[in-house]
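Q: This is my_file01.txt, which holds compact mmCIF, C-alpha atoms and all ligand atoms:
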```txt
# COMPACT_ATOMS: atom_id res chain seq x y z
CA MET A 1094 -11.65 -23.92 -11.79
CA LEU A 1095 -14.13 -21.55 -13.43
CA LEU A 1096 -14.10 -21.84 -17.21
CA THR A 1097 -16.00 -19.05 -18.92
CA LEU A 1098 -18.54 -19.40 -21.70
CA GLN A 1099 -16.16 -17.78 -24.15
CA ALA A 1100 -13.40 -20.18 -23.20
CA LEU A 1101 -15.73 -23.13 -23.67
CA GLN A 1102 -16.83 -21.81 -27.06
CA ALA A 1103 -13.23 -21.22 -28.06
CA ALA A 1104 -12.32 -24.74 -26.95
CA ARG A 1105 -15.24 -26.16 -28.97
CA CYS A 1106 -14.12 -24.24 -32.04
CA GLY A 1107 -10.63 -25.60 -31.54
CA VAL A 1108 -9.17 -22.13 -30.90
CA SER A 1109 -7.28 -22.11 -27.66
CA LYS A 1110 -7.11 -18.89 -25.72
CA PRO A 1111 -4.14 -17.87 -23.59
CA LYS A 1112 -4.36 -19.40 -20.13
CA LEU A 1113 -4.44 -17.19 -17.06
CA LEU A 1114 -4.43 -17.75 -13.32
CA SER A 1115 -6.03 -15.12 -11.12
CA THR A 1116 -5.29 -15.65 -7.44
CA ARG A 1117 -8.58 -13.96 -6.51
CA PRO A 1118 -12.04 -13.94 -8.13
CA LEU A 1119 -11.61 -10.12 -8.50
CA PHE A 1120 -14.71 -8.03 -9.36
CA PRO A 1121 -17.22 -8.65 -12.19
CA GLU A 1122 -15.90 -5.65 -14.21
CA ALA A 1123 -12.36 -7.08 -14.19
CA ARG A 1124 -13.54 -10.66 -14.77
CA ALA A 1125 -15.40 -9.54 -17.89
CA ILE A 1126 -12.14 -8.23 -19.38
CA LEU A 1127 -10.14 -11.31 -18.49
CA ASP A 1128 -12.83 -13.77 -19.60
CA ALA A 1129 -13.07 -12.07 -22.99
CA ASN A 1130 -9.36 -12.50 -23.59
CA CYS A 1131 -8.25 -15.65 -21.82
CA GLU A 1132 -9.18 -19.01 -20.45
CA VAL A 1133 -9.17 -18.05 -16.78
CA GLU A 1134 -8.69 -20.13 -13.70
CA TYR A 1135 -9.76 -18.18 -10.62
CA TRP A 1136 -8.55 -19.20 -7.17
CA GLN A 1137 -11.93 -19.22 -5.44
CA HIS A 1138 -11.11 -20.34 -1.92
CA PRO A 1139 -11.46 -17.84 0.91
CA GLU A 1140 -7.94 -18.54 2.15
CA ARG A 1141 -4.92 -17.21 0.33
CA ILE A 1142 -3.50 -19.47 -2.37
CA PRO A 1143 -0.77 -21.65 -0.83
CA ARG A 1144 2.63 -21.24 -2.43
CA ALA A 1145 2.72 -24.84 -3.70
CA GLU A 1146 -0.66 -24.37 -5.38
CA LEU A 1147 0.48 -21.10 -6.92
CA LEU A 1148 3.56 -22.76 -8.41
CA LYS A 1149 1.54 -25.74 -9.63
CA ARG A 1150 -1.28 -23.68 -11.15
CA THR A 1151 1.01 -21.15 -12.84
CA ALA A 1152 3.09 -23.87 -14.49
CA GLU A 1153 1.14 -23.96 -17.77
CA LYS A 1154 -0.18 -20.41 -17.72
CA ASP A 1155 0.56 -17.53 -20.09
CA ALA A 1156 -0.55 -14.85 -17.64
CA LEU A 1157 -0.90 -14.28 -13.91
CA VAL A 1158 -3.03 -11.76 -12.02
CA CYS A 1159 -1.88 -11.72 -8.42
CA LEU A 1160 -2.15 -9.72 -5.21
CA LEU A 1161 0.60 -8.16 -3.14
CA THR A 1162 0.54 -11.27 -0.95
CA GLU A 1163 1.91 -13.48 -3.78
CA LYS A 1164 5.60 -13.42 -4.54
CA VAL A 1165 6.63 -13.48 -8.18
CA ASP A 1166 10.26 -14.48 -7.93
CA GLU A 1167 12.90 -16.60 -9.63
CA GLU A 1168 11.33 -19.81 -8.29
CA LEU A 1169 7.88 -19.00 -9.71
CA LEU A 1170 9.28 -17.79 -13.01
CA ASN A 1171 11.31 -21.00 -13.38
CA ALA A 1172 8.16 -23.01 -12.64
CA ALA A 1173 6.15 -21.10 -15.27
CA PRO A 1174 8.13 -21.19 -18.54
CA LYS A 1175 5.18 -19.99 -20.65
CA LEU A 1176 4.39 -16.95 -18.50
CA ARG A 1177 4.35 -13.65 -20.41
CA ILE A 1178 2.88 -11.27 -17.85
CA ALA A 1179 2.63 -10.94 -14.06
CA SER A 1180 0.02 -8.32 -13.20
CA THR A 1181 -0.26 -7.34 -9.55
CA VAL A 1182 -3.44 -5.67 -8.27
CA SER A 1183 -1.50 -3.07 -6.27
CA VAL A 1184 0.61 0.00 -6.85
CA GLY A 1185 3.38 -1.30 -4.59
CA PHE A 1186 5.27 -4.04 -6.40
CA ASP A 1187 7.72 -5.22 -3.76
CA ASN A 1188 6.11 -8.66 -4.22
CA ILE A 1189 7.50 -8.82 -7.75
CA ASP A 1190 11.16 -9.35 -8.59
CA VAL A 1191 11.11 -7.10 -11.64
CA PRO A 1192 14.72 -7.79 -12.76
CA ALA A 1193 13.97 -11.54 -12.59
CA CYS A 1194 10.83 -10.97 -14.70
CA THR A 1195 12.96 -9.12 -17.25
CA ARG A 1196 15.45 -12.01 -17.36
CA HIS A 1197 12.54 -14.38 -18.03
CA LYS A 1198 11.01 -11.98 -20.61
CA VAL A 1199 7.91 -11.59 -18.45
CA VAL A 1200 6.20 -8.19 -18.37
CA ALA A 1201 5.51 -7.01 -14.81
CA THR A 1202 2.66 -4.54 -14.26
CA ASN A 1203 1.07 -2.69 -11.32
CA THR A 1204 -1.89 -0.33 -10.76
CA PRO A 1205 -0.62 3.23 -10.15
CA GLY A 1206 -2.79 6.34 -9.95
CA VAL A 1207 -6.26 4.92 -9.35
CA LEU A 1208 -5.79 4.59 -5.59
CA ASP A 1209 -4.04 7.87 -4.77
CA ASP A 1210 -7.01 9.79 -3.39
CA THR A 1211 -8.52 6.86 -1.54
CA THR A 1212 -5.18 6.09 0.13
CA ALA A 1213 -4.50 9.75 0.92
CA ASP A 1214 -8.00 9.98 2.45
CA PHE A 1215 -7.14 7.04 4.68
CA ALA A 1216 -3.78 8.43 5.78
CA TRP A 1217 -5.76 11.47 6.93
CA THR A 1218 -8.35 9.26 8.60
CA LEU A 1219 -5.58 7.67 10.66
CA LEU A 1220 -3.85 10.97 11.35
CA MET A 1221 -7.02 12.56 12.71
CA ALA A 1222 -8.06 9.44 14.59
CA ILE A 1223 -4.76 9.01 16.44
CA ALA A 1224 -4.40 12.72 17.23
CA ARG A 1225 -7.95 13.00 18.56
CA ARG A 1226 -8.06 9.56 20.21
CA VAL A 1227 -11.19 8.55 18.30
CA ILE A 1228 -10.81 4.77 18.74
CA GLU A 1229 -10.03 5.13 22.44
CA GLY A 1230 -13.06 7.37 22.97
CA ASP A 1231 -15.31 4.98 21.05
CA ALA A 1232 -14.11 2.01 23.13
CA TRP A 1233 -14.67 3.91 26.37
CA LEU A 1234 -18.21 4.84 25.45
CA ARG A 1235 -19.08 1.30 24.38
CA SER A 1236 -17.65 -0.10 27.64
CA GLY A 1237 -20.55 1.57 29.48
CA THR A 1238 -18.15 3.27 31.94
CA TRP A 1239 -18.21 6.80 30.54
CA PRO A 1240 -19.56 9.00 33.34
CA GLY A 1241 -20.52 11.92 31.07
CA TRP A 1242 -18.68 15.04 29.91
CA ASP A 1243 -15.71 16.36 31.82
CA LEU A 1244 -13.06 18.94 31.09
CA ASP A 1245 -9.98 16.75 30.82
CA GLN A 1246 -11.30 13.60 29.15
CA VAL A 1247 -9.60 12.02 26.14
CA CYS A 1248 -7.69 15.17 25.27
CA GLY A 1249 -5.55 14.62 22.20
CA GLY A 1250 -3.28 16.83 20.13
CA ASP A 1251 -4.40 19.51 17.70
CA VAL A 1252 -3.97 18.91 13.98
CA TRP A 1253 -4.70 22.36 12.56
CA GLY A 1254 -1.79 24.74 12.46
CA LYS A 1255 0.78 21.99 13.13
CA THR A 1256 3.71 20.79 11.03
CA LEU A 1257 3.11 17.85 8.72
CA GLY A 1258 6.13 15.82 7.60
CA ILE A 1259 5.66 13.72 4.47
CA ILE A 1260 8.24 11.04 3.66
CA GLY A 1261 7.83 10.17 -0.02
CA PHE A 1262 6.30 13.00 -2.01
CA GLY A 1263 4.92 10.95 -4.91
CA ARG A 1264 1.32 10.50 -5.99
CA ILE A 1265 -0.06 9.60 -2.56
CA GLY A 1266 2.28 11.83 -0.55
CA ARG A 1267 1.16 14.83 -2.61
CA GLY A 1268 -2.48 13.80 -2.15
CA VAL A 1269 -1.90 13.94 1.60
CA ALA A 1270 -0.33 17.41 1.25
CA ARG A 1271 -3.29 18.57 -0.84
CA ARG A 1272 -5.65 17.59 1.95
CA ALA A 1273 -3.55 19.48 4.52
CA GLN A 1274 -4.24 22.83 2.87
CA GLY A 1275 -7.50 23.30 4.76
CA PHE A 1276 -5.81 22.67 8.10
CA ASN A 1277 -3.45 25.64 7.87
CA MET A 1278 -0.42 23.39 8.35
CA ARG A 1279 3.25 23.90 7.62
CA ILE A 1280 4.13 21.13 5.20
CA LEU A 1281 7.60 19.60 5.06
CA TYR A 1282 8.58 16.76 2.78
CA THR A 1283 11.56 14.62 2.02
CA ASP A 1284 12.04 12.43 -1.03
CA ALA A 1285 14.86 10.82 -2.99
CA VAL A 1286 13.97 13.29 -5.76
CA ARG A 1287 12.94 16.90 -5.19
CA ALA A 1288 9.49 17.74 -6.62
CA PRO A 1289 9.15 20.37 -9.35
CA ALA A 1290 8.88 23.95 -8.09
CA GLU A 1291 5.26 24.20 -9.32
CA ALA A 1292 4.23 21.22 -7.15
CA GLU A 1293 5.97 22.72 -4.11
CA LYS A 1294 4.26 26.05 -4.73
CA GLU A 1295 0.82 24.59 -5.35
CA LEU A 1296 0.97 22.46 -2.20
CA HIS A 1297 2.87 24.98 -0.06
CA ALA A 1298 5.39 22.24 0.67
CA GLU A 1299 8.98 22.74 1.72
CA PHE A 1300 11.70 20.27 0.74
CA VAL A 1301 13.89 19.45 3.77
CA ASP A 1302 16.47 16.83 4.66
CA ARG A 1303 15.29 13.82 6.58
CA ASP A 1304 16.80 14.96 9.89
CA THR A 1305 14.95 18.28 9.77
CA LEU A 1306 11.69 16.48 9.02
CA PHE A 1307 12.12 14.07 11.94
CA ARG A 1308 12.99 16.90 14.32
CA GLU A 1309 10.35 19.45 13.30
CA ALA A 1310 7.23 17.53 12.25
CA ASP A 1311 4.26 17.06 14.58
CA PHE A 1312 2.88 14.36 12.25
CA ILE A 1313 5.03 12.11 10.09
CA THR A 1314 3.26 10.21 7.34
CA ILE A 1315 5.09 7.66 5.17
CA HIS A 1316 4.52 7.18 1.43
CA VAL A 1317 7.68 5.57 0.07
CA PRO A 1318 7.80 2.21 -1.70
CA LEU A 1319 9.39 -0.72 0.11
CA MET A 1320 12.93 -1.10 -1.18
CA PRO A 1321 16.24 -2.04 0.46
CA GLU A 1322 16.86 1.71 1.07
CA THR A 1323 13.51 2.25 2.82
CA ARG A 1324 13.41 -0.92 4.94
CA HIS A 1325 13.43 0.19 8.63
CA LEU A 1326 13.63 3.83 7.58
CA ILE A 1327 11.70 4.36 10.83
CA CYS A 1328 14.28 2.95 13.24
CA LYS A 1329 15.33 3.73 16.81
CA GLU A 1330 17.77 6.40 15.68
CA ASN A 1331 15.14 8.30 13.71
CA LEU A 1332 12.39 7.80 16.30
CA ASP A 1333 14.75 9.35 18.85
CA LYS A 1334 14.88 12.51 16.73
CA MET A 1335 11.09 12.97 16.78
CA LYS A 1336 9.24 15.31 19.12
CA ARG A 1337 7.74 13.65 22.18
CA THR A 1338 4.40 15.10 21.10
CA ALA A 1339 4.66 13.80 17.51
CA TYR A 1340 2.61 11.08 15.83
CA LEU A 1341 3.62 8.57 13.15
CA VAL A 1342 1.27 7.35 10.41
CA ASN A 1343 2.21 4.48 8.09
CA THR A 1344 0.09 3.53 5.08
CA SER A 1345 3.05 2.51 2.87
CA ARG A 1346 4.53 -0.92 3.60
CA GLY A 1347 5.05 -2.53 7.00
CA PRO A 1348 8.80 -3.20 6.84
CA VAL A 1349 9.48 0.53 6.39
CA VAL A 1350 8.87 0.72 10.17
CA ASP A 1351 10.92 -1.26 12.71
CA GLU A 1352 7.94 -2.32 14.84
CA ALA A 1353 10.05 -3.36 17.83
CA ALA A 1354 11.79 0.04 17.84
CA LEU A 1355 8.42 1.78 17.53
CA ALA A 1356 6.94 -0.18 20.45
CA GLU A 1357 9.97 0.77 22.55
CA ALA A 1358 9.71 4.44 21.56
CA LEU A 1359 6.03 4.47 22.57
CA GLU A 1360 6.73 2.67 25.83
CA ASN A 1361 9.44 5.24 26.66
CA ARG A 1362 7.12 8.09 25.59
CA LYS A 1363 9.59 9.21 22.92
CA ILE A 1364 6.61 9.93 20.64
CA ALA A 1365 2.91 10.48 21.35
CA GLY A 1366 1.34 7.82 19.16
CA ALA A 1367 1.28 5.84 15.94
CA ALA A 1368 -1.34 4.71 13.44
CA LEU A 1369 -0.41 1.77 11.26
CA ASP A 1370 -2.25 0.23 8.31
CA VAL A 1371 0.62 -2.06 7.31
CA PHE A 1372 2.86 -4.41 9.24
CA GLU A 1373 6.28 -5.98 9.06
CA ASN A 1374 5.03 -9.56 9.00
CA GLU A 1375 1.41 -9.40 7.87
CA PRO A 1376 -0.97 -10.68 9.06
CA LYS A 1377 1.01 -10.68 12.33
CA VAL A 1378 1.53 -7.55 14.37
CA ASN A 1379 4.29 -7.07 16.92
CA PRO A 1380 2.54 -8.19 20.16
CA ALA A 1381 3.94 -5.20 22.07
CA LEU A 1382 1.78 -2.88 19.94
CA ILE A 1383 -1.53 -4.69 20.40
CA PRO A 1384 -2.56 -3.55 23.91
CA ARG A 1385 -1.41 0.04 23.47
CA LYS A 1386 -4.00 2.82 23.54
CA ASP A 1387 -1.59 5.17 21.79
CA VAL A 1388 -1.63 2.99 18.68
CA ILE A 1389 -4.25 2.49 15.98
CA LEU A 1390 -3.99 -0.69 13.94
CA THR A 1391 -5.96 -1.26 10.72
CA PRO A 1392 -5.76 -4.33 8.45
CA HIS A 1393 -4.07 -2.91 5.33
CA ILE A 1394 -7.21 -1.14 4.10
CA ALA A 1395 -5.90 2.24 2.93
CA SER A 1396 -7.11 1.66 -0.65
CA ALA A 1397 -10.16 -0.35 0.38
CA SER A 1398 -13.12 1.46 -1.11
CA VAL A 1399 -15.37 -0.52 -3.44
CA GLU A 1400 -14.78 1.99 -6.23
CA THR A 1401 -11.01 1.99 -5.94
CA ARG A 1402 -10.49 -1.74 -5.47
CA THR A 1403 -12.68 -2.27 -8.54
CA LYS A 1404 -10.60 0.21 -10.55
CA MET A 1405 -7.40 -1.53 -9.43
CA ALA A 1406 -8.69 -4.93 -10.56
CA VAL A 1407 -9.86 -3.50 -13.88
CA MET A 1408 -6.48 -1.88 -14.42
CA ALA A 1409 -4.69 -5.16 -13.71
CA ALA A 1410 -7.01 -6.94 -16.17
CA ASN A 1411 -6.46 -4.26 -18.83
CA ASN A 1412 -2.70 -4.68 -18.51
CA VAL A 1413 -3.10 -8.38 -19.33
CA ALA A 1414 -5.59 -7.74 -22.13
CA ALA A 1415 -3.25 -5.23 -23.78
CA LEU A 1416 -0.33 -7.63 -23.80
CA LEU A 1417 -2.41 -10.48 -25.18
CA LYS A 1418 -3.60 -8.18 -27.99
CA GLY A 1419 0.00 -7.43 -28.88
CA GLN A 1420 -0.03 -3.97 -27.31
CA ARG A 1421 2.21 -2.52 -24.66
CA PRO A 1422 0.54 -2.91 -21.24
CA PRO A 1423 -0.13 0.63 -19.97
CA ASN A 1424 1.54 0.00 -16.63
CA ALA A 1425 4.51 -2.15 -17.62
CA LEU A 1426 7.28 -1.78 -15.03
CA ASN A 1427 9.99 -3.24 -17.26
CA ALA A 1428 8.85 -1.87 -20.64
CA ALA A 1429 12.19 -0.20 -21.38
CA GLU A 1430 14.23 -3.22 -20.29
CA LEU A 1431 12.13 -5.51 -22.52
CA GLY A 1432 12.19 -3.03 -25.39
CA LEU A 1433 8.36 -2.78 -25.51
CA LYS A 1434 7.18 -0.12 -27.92
N1 LIG B 1 -1.71 0.70 2.62
C1 LIG B 1 -2.13 0.56 1.37
O1 LIG B 1 -3.15 -0.07 1.13
C2 LIG B 1 -1.39 1.23 0.25
C3 LIG B 1 -2.13 1.74 -0.82
C4 LIG B 1 -1.45 2.36 -1.86
C5 LIG B 1 -0.05 2.46 -1.83
N2 LIG B 1 0.64 1.93 -0.78
C6 LIG B 1 2.11 2.07 -0.73
O2 LIG B 1 2.43 3.43 -0.94
C7 LIG B 1 3.59 3.50 -1.74
C8 LIG B 1 3.64 4.85 -2.45
O3 LIG B 1 2.69 4.87 -3.50
P1 LIG B 1 2.69 6.05 -4.59
O4 LIG B 1 1.69 5.65 -5.61
O5 LIG B 1 2.58 7.37 -3.94
O6 LIG B 1 4.16 5.88 -5.19
P2 LIG B 1 5.01 6.95 -5.98
O7 LIG B 1 6.03 6.17 -6.74
O8 LIG B 1 4.15 7.92 -6.71
O9 LIG B 1 5.75 7.76 -4.81
C9 LIG B 1 6.78 7.24 -4.04
C10 LIG B 1 7.74 8.36 -3.70
O10 LIG B 1 8.75 7.84 -2.85
C11 LIG B 1 9.99 8.37 -3.27
N3 LIG B 1 11.10 7.54 -2.82
C12 LIG B 1 11.53 6.37 -3.34
N4 LIG B 1 12.57 5.91 -2.66
C13 LIG B 1 12.82 6.82 -1.68
C14 LIG B 1 13.77 6.90 -0.63
N5 LIG B 1 14.70 5.95 -0.48
N6 LIG B 1 13.73 7.96 0.19
C15 LIG B 1 12.80 8.93 0.01
N7 LIG B 1 11.87 8.91 -0.96
C16 LIG B 1 11.88 7.86 -1.78
C17 LIG B 1 9.88 8.46 -4.79
O11 LIG B 1 10.83 9.37 -5.34
C18 LIG B 1 8.44 8.92 -4.96
O12 LIG B 1 8.33 10.32 -4.99
C19 LIG B 1 3.48 2.29 -2.68
O13 LIG B 1 4.74 1.87 -3.13
C20 LIG B 1 2.79 1.25 -1.82
O14 LIG B 1 3.75 0.39 -1.24
C21 LIG B 1 -0.01 1.32 0.25
```
Take the structure I supplied and represent it as structure tokens, if you would.
Ligand SMILES: NC(=O)c1ccc[n+]([C@@H]2O[C@H](COP(=O)([O-])OP(=O)(O)OC[C@H]3O[C@@H](n4cnc5c(N)ncnc54)[C@H](O)[C@@H]3O)[C@@H](O)[C@H]2O)c1

A:
Amino acid sequence: MLLTLQALQAARCGVSKPKLLSTRPLFPEARAILDANCEVEYWQHPERIPRAELLKRTAEKDALVCLLTEKVDEELLNAAPKLRIASTVSVGFDNIDVPACTRHKVVATNTPGVLDDTTADFAWTLLMAIARRVIEGDAWLRSGTWPGWDLDQVCGGDVWGKTLGIIGFGRIGRGVARRAQGFNMRILYTDAVRAPAEAEKELHAEFVDRDTLFREADFITIHVPLMPETRHLICKENLDKMKRTAYLVNTSRGPVVDEAALAEALENRKIAGAALDVFENEPKVNPALIPRKDVILTPHIASASVETRTKMAVMAANNVAALLKGQRPPNALNAAELGLK
């Protein structure tokens, strides 16, 4: 446990500060905010906090800062009767049972907006890398077996001028579309909600039904949240609709893609390749994908720039600080349900 100077001073003065558990040491900028407002216990070990420890250490806490790897569910909320806020350092909040938080009068918060560009950059990194076989080429060169230039080596697919299909046209999906403008691409998108006409016009994006997107896109990039409706959205049936020359990029959440169906589609050359940053059962990856050259696998790093991860942690800390000061946390997910003004 790391007790801060302020907490020690407060304890000496007999004023007790709200107690908080942070399941990671975070970054100094975020720690400064938390330490000024709470008595903080940071989980300092390199390994992820075990579930039993999480339940034990949250029991007497007023606030929790967690990562997407920690589940805030009915069990945790029952074990933490004093908890007032669960602040996840991620935009995706499928780790938090928000209705359960509302029932327990716990404010749930996330970190939207600050990671859009960094994540959109990475979706493009994967898209370019899988189309142009960058990882494969790098591995070949390093193996010492590259004989020198030849006409038909490591030929991939073009990106420029092709059709980009975006599933989930929210903050990150639109960021991906914005980056496509320089590549002279046709941009298709599908979403549960159609974007305003100005956004479509600005990004030269065409709203289509899902079937059209699967059939016509050369690149499909996924940016939906994980929900019951999006689980296995990429399934055998939809993979079968894709072009044999098409590529799939997933930087959303792993369970949106049925990994076994994807491995089968690749094996049967139903699609040309896939680049995945997220996995169904992290940190595990379907073993059928591992040896494949037509797949790029990255360890859930789409938002992993120092600047952005710092901003995310600061945002999570500010959500806690606001609540403890009696203000509405800026990113409360259940503000309306809890009647927060
Ligand atoms: N790999 C990473 O490190 C990383 C980083 C950031 C975000 N993410 C993931 O990306 C997701 C998207 O983030 P965002 O900030 O763009 O979210 P967002 O809420 O701005 O956009 C999500 C879009 O998906 C749409 N949508 C929701 N349900 C749908 C459905 N059933 N069918 C079609 N469209 C649907 C929404 O209408 C919205 O437009 C997050 O939820 C998170 O899980 C992953």

Q: Using only C-alpha atoms and all ligand atoms, find each residue with an atom at most 6 Å away from ligand LIG 1 (chain B) and format the answer as a PDB file with C-alpha atoms, keeping the file's coordinate frame.

A:
```pdb
ATOM      1  CA  VAL A1184       0.610   0.000  -6.850  1.00  0.00           C
ATOM      2  CA  GLY A1185       3.380  -1.300  -4.590  1.00  0.00           C
ATOM      3  CA  PRO A1205      -0.620   3.230 -10.150  1.00  0.00           C
ATOM      4  CA  THR A1212      -5.180   6.090   0.130  1.00  0.00           C
ATOM      5  CA  GLY A1261       7.830  10.170  -0.020  1.00  0.00           C
ATOM      6  CA  PHE A1262       6.300  13.000  -2.010  1.00  0.00           C
ATOM      7  CA  GLY A1263       4.920  10.950  -4.910  1.00  0.00           C
ATOM      8  CA  ARG A1264       1.320  10.500  -5.990  1.00  0.00           C
ATOM      9  CA  ILE A1265      -0.060   9.600  -2.560  1.00  0.00           C
ATOM     10  CA  GLY A1266       2.280  11.830  -0.550  1.00  0.00           C
ATOM     11  CA  ASP A1284      12.040  12.430  -1.030  1.00  0.00           C
ATOM     12  CA  ALA A1285      14.860  10.820  -2.990  1.00  0.00           C
ATOM     13  CA  VAL A1286      13.970  13.290  -5.760  1.00  0.00           C
ATOM     14  CA  HIS A1316       4.520   7.180   1.430  1.00  0.00           C
ATOM     15  CA  VAL A1317       7.680   5.570   0.070  1.00  0.00           C
ATOM     16  CA  PRO A1318       7.800   2.210  -1.700  1.00  0.00           C
ATOM     17  CA  LEU A1319       9.390  -0.720   0.110  1.00  0.00           C
ATOM     18  CA  GLU A1322      16.860   1.710   1.070  1.00  0.00           C
ATOM     19  CA  THR A1323      13.510   2.250   2.820  1.00  0.00           C
ATOM     20  CA  THR A1344       0.090   3.530   5.080  1.00  0.00           C
ATOM     21  CA  SER A1345       3.050   2.510   2.870  1.00  0.00           C
ATOM     22  CA  ARG A1346       4.530  -0.920   3.600  1.00  0.00           C
ATOM     23  CA  ASP A1370      -2.250   0.230   8.310  1.00  0.00           C
ATOM     24  CA  VAL A1371       0.620  -2.060   7.310  1.00  0.00           C
ATOM     25  CA  HIS A1393      -4.070  -2.910   5.330  1.00  0.00           C
ATOM     26  CA  ILE A1394      -7.210  -1.140   4.100  1.00  0.00           C
ATOM     27  CA  ALA A1395      -5.900   2.240   2.930  1.00  0.00           C
ATOM     28  CA  SER A1396      -7.110   1.660  -0.650  1.00  0.00           C
TER      29      SER A1396
END
```

Q: With distances taken over all atoms listed in the file, which residue among A:Leu1161, A:Val1252, A:Ile1228, A:Leu1219 lies nearest Asn1203 (chain A)?

A: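 When distances to Asn1203 (chain A) are compared using all atoms listed in the file, the smallest one comes from A:Leu1161.
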
Q: Compute the distance from (-7.3, 10.5, 14.9) to each atom, counting all atoms listed in the file, keep the residues with any atom at most 12 Å away, and return them as number ranges by chain; use the coordinates of the file.

A: A: 1215-1231, 1247-1252, 1312, 1340-1342, 1366-1369, 1387-1390

Q: Rounded to one decimal in Å, what is the spacing between CA of Pro1348 (chain A) and CA of Leu1147 (chain A)?

A: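 Going from CA of Pro1348 (chain A) over to CA of Leu1147 (chain A), I get 24.1 Å.
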
Q: Could you tell me which of A:Glu1140, A:Gly1275, A:Arg1235, A:Tyr1282 comes closest to Leu1257 (chain A) if we count all atoms listed in the file?

A: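 Ranking A:Glu1140, A:Gly1275, A:Arg1235, A:Tyr1282 by distance to Leu1257 (chain A), first place goes to A:Tyr1282.
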
Q: Just give me the gap between CA of Phe1186 (chain A) and CA of Glu1134 (chain A) in Å, one decimal is fine.

A: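 Between CA of Phe1186 (chain A) and CA of Glu1134 (chain A) the gap is 22.5 Å.
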
Q: So how far away is CA of Arg1287 (chain A) from CA of Ile1327 (chain A), in Å?

A: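 Distance between the two atoms: 20.4 Å.
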
Q: Using all atoms listed in the file, can you tell me which of A:Lys1294, A:Trp1136, A:Pro1111, A:Glu1167 comes closest to Lys1154 (chain A)?

A: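 Nearest to Lys1154 (chain A): A:Pro1111.
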
Q: With all atoms listed in the file as the basis for distance, which of A:Ala1273, A:Leu1296, A:Leu1169, A:Ala1365 is at the shortest distance from Ala1193 (chain A)?

A: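 Checking each candidate against Ala1193 (chain A), we get A:Leu1169 as the closest.
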
Q: So, with all atoms listed in the file as the atoms that count, which of A:Ala1410, A:Asp1311, A:Ile1260, A:Ala1428 lies closest to Ala1156 (chain A)?

A: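 Answer, going by the shortest atom-to-atom distance: A:Ala1410.
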
Q: Pick the closest to Met1320 (chain A) from A:Leu1359, A:Val1407, A:Val1349, A:Leu1281: which is it, counting all atoms listed in the file?

A: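 So, comparing all the options, the nearest one is A:Val1349.
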